[in-house]
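Notes follow once the structure below has been shown.
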Amino acid sequence: MRTRITDMLGIEKPIVQAAMGWIARAQLSSAVSNAGGMGIIETSSGELDAVRDEIVKMRVATTKPFGVNVAQAFVRDPSIIRFVIDNGIKFVTTSAGDPMKYTAMLKEAGLTVFHVVPNLAGAVRAVEAGVDGLIVEGGEGGGFKNPKDVSTMVLVPQVVAAVDVPVVAAGGIMDGRSMAAAFALGAEGVLMGTRLLASTECPVHDEWKRRIVAADATDTVFLNRAGPGPALRALRTERTTRIEKDGAPDGIFAEFANTQAVYFGGALEAGVALTGQVAGRIGDVKPVAHILDETMAEYAATVAGLPR
């Protein structure tokens, strides 16, 4: 398949991996790149020394293209841009901040830049900033969200109708059928997060993967809609159900104090496990290459089977 996304990024499959904090590192990201998609290394953990090491590991693990996400709300030091440039990165996604801040600097250095947006106003501003493309993220997706969430089904065609740059659809994408739906809405690529959490190569604890496979579509919660701070979508647990009802007593960011235990120790009641609604459609844990290959095959079959 060729779209503006595949041509721009030099990838075989128009599938981008979500930049999940602490998770989107070489083990997972190289598997995505080697399978023909776009692997992304995260910076939202703020552990830039570790990120630098992961970029080195990526260059050993894959010869295929990969990128880095600059999560502006979590990495506030402007030296992050020099860090990315000096490490020879060619593709950057920016998120959780104003696209006017870094886009020009990255573009001047010859990088391709996509910005993550949760609404039409953000998309228009990103295009005005000069980005090459957009990741348009519906409220179904896991992770940090705009409190005024809009579904992928509504947001993607709204943005596509208003801008000329290529769009990657995010939120609720996990297979060929959802990819075909995203393309029908005008997207030229898709982003997967939760589906790749439940992959063989993902480094998170098996208990989190098990809970994703067992989940129904109602087994996530949308937290902190009233603030302060960002909203987020997470796996439903006893802890997150209490937060949904009563709020986070010490603020939403305090819920991430035990992230290592949650993500890699399987102690899901010790904090918050960011997970999208699409967990309700995921029925197994598979290697990344199988996920991407099956997605492309199902996409083709879905499109071929549509009524004429």
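Residues are named by chain letter and number: chains run A, B, ... in the order of the structure tokens, numbers start at 1 in each chain, and ligands are numbered from 1 in the order shown.
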Excluding same-chain residues fewer than 2 positions from A:Asp132, what lies within 10 Å of it counting only C-alpha atoms, as a VMD selection string? chain A and resid 5 8 103 107 111 to 115 126 to 127 129 to 130 134 164 to 167
Output file for the selection above: N, CA and C atoms, as a short mmCIF file (atom, residue, chain, number, x, y, z; two decimals), in the first residue's frame:
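What follows is the written file part.cif:
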```cif
data_model
loop_
_atom_site.label_atom_id
_atom_site.label_comp_id
_atom_site.auth_asym_id
_atom_site.auth_seq_id
_atom_site.Cartn_x
_atom_site.Cartn_y
_atom_site.Cartn_z
N ILE A 5 1.43 8.97 3.73
CA ILE A 5 2.12 8.61 4.97
C ILE A 5 3.29 7.66 4.68
N MET A 8 6.04 9.55 2.77
CA MET A 8 6.69 10.57 3.59
C MET A 8 7.64 9.94 4.61
N THR A 103 8.13 23.27 16.05
CA THR A 103 8.02 22.81 14.68
C THR A 103 9.04 23.47 13.76
N LYS A 107 11.87 21.53 11.61
CA LYS A 107 11.81 21.59 10.15
C LYS A 107 13.09 22.17 9.56
N LEU A 111 13.90 17.67 9.63
CA LEU A 111 13.07 16.57 10.12
C LEU A 111 11.64 16.67 9.60
N THR A 112 10.98 15.53 9.51
CA THR A 112 9.55 15.46 9.24
C THR A 112 8.82 15.49 10.57
N VAL A 113 7.80 16.34 10.67
CA VAL A 113 7.13 16.58 11.94
C VAL A 113 5.62 16.37 11.82
N PHE A 114 5.09 15.51 12.68
CA PHE A 114 3.65 15.34 12.83
C PHE A 114 3.28 15.78 14.25
N HIS A 115 2.14 16.42 14.39
CA HIS A 115 1.67 16.84 15.72
C HIS A 115 0.40 16.08 16.07
N ALA A 126 -1.76 23.50 14.28
CA ALA A 126 -0.59 22.72 13.93
C ALA A 126 -0.22 22.93 12.46
N VAL A 127 -1.21 22.97 11.60
CA VAL A 127 -0.95 23.22 10.19
C VAL A 127 -0.36 24.62 9.99
N ALA A 129 1.46 26.08 12.04
CA ALA A 129 2.83 26.01 12.55
C ALA A 129 3.78 25.38 11.54
N GLY A 130 3.22 24.71 10.52
CA GLY A 130 4.06 24.15 9.47
C GLY A 130 4.32 22.66 9.55
N LEU A 134 -0.58 15.16 10.63
CA LEU A 134 -1.26 15.18 11.91
C LEU A 134 -1.58 13.77 12.37
N ASP A 164 -5.02 20.16 4.54
CA ASP A 164 -4.48 19.48 3.36
C ASP A 164 -3.39 18.47 3.68
N VAL A 165 -2.87 18.47 4.90
CA VAL A 165 -1.79 17.56 5.24
C VAL A 165 -2.35 16.17 5.51
N PRO A 166 -1.54 15.13 5.35
CA PRO A 166 -2.03 13.77 5.63
C PRO A 166 -2.33 13.54 7.10
N VAL A 167 -3.31 12.69 7.35
CA VAL A 167 -3.80 12.43 8.70
C VAL A 167 -3.60 10.97 9.06
#
```
Just asking: which residues within stretch 54-203 of chain A are alpha helix (DSSP H) according to DSSP, as a count of residues only? 54
Would you kindly return, as a ChimeraX atom specification, each protein, DNA or RNA residue with an atom no farther than 8 Å from any atom of stretch 158-162 of chain A, considering only C-alpha atoms and excluding same-chain residues fewer than 5 positions away? /A:119-120,123-124,136,167,185-187
Pick from A:Asp7, A:Val168, A:Asp149, A:Phe253: nearest to A:Phe74, with only C-alpha atoms counted? A:Phe253
Near stretch 210-219 of chain A, counting only C-alpha atoms, which residues have an atom at most 9 Å away, once you skip same-chain residues fewer than 5 positions from it, shown as a ChimeraX atom specification? /A:194-195,197-198,205,234-237,275-285
Skip A:Ile173 itself and residues of its chain fewer than 4 positions away, then list as a list of chain:residue names all residues within 8 Å of it, counting only C-alpha atoms.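 Once the adjacent positions are removed, what remains is A:Ala169, A:Ser178, A:Met179, A:Val190, A:Leu191, A:Met192, A:Arg195, A:Val278.
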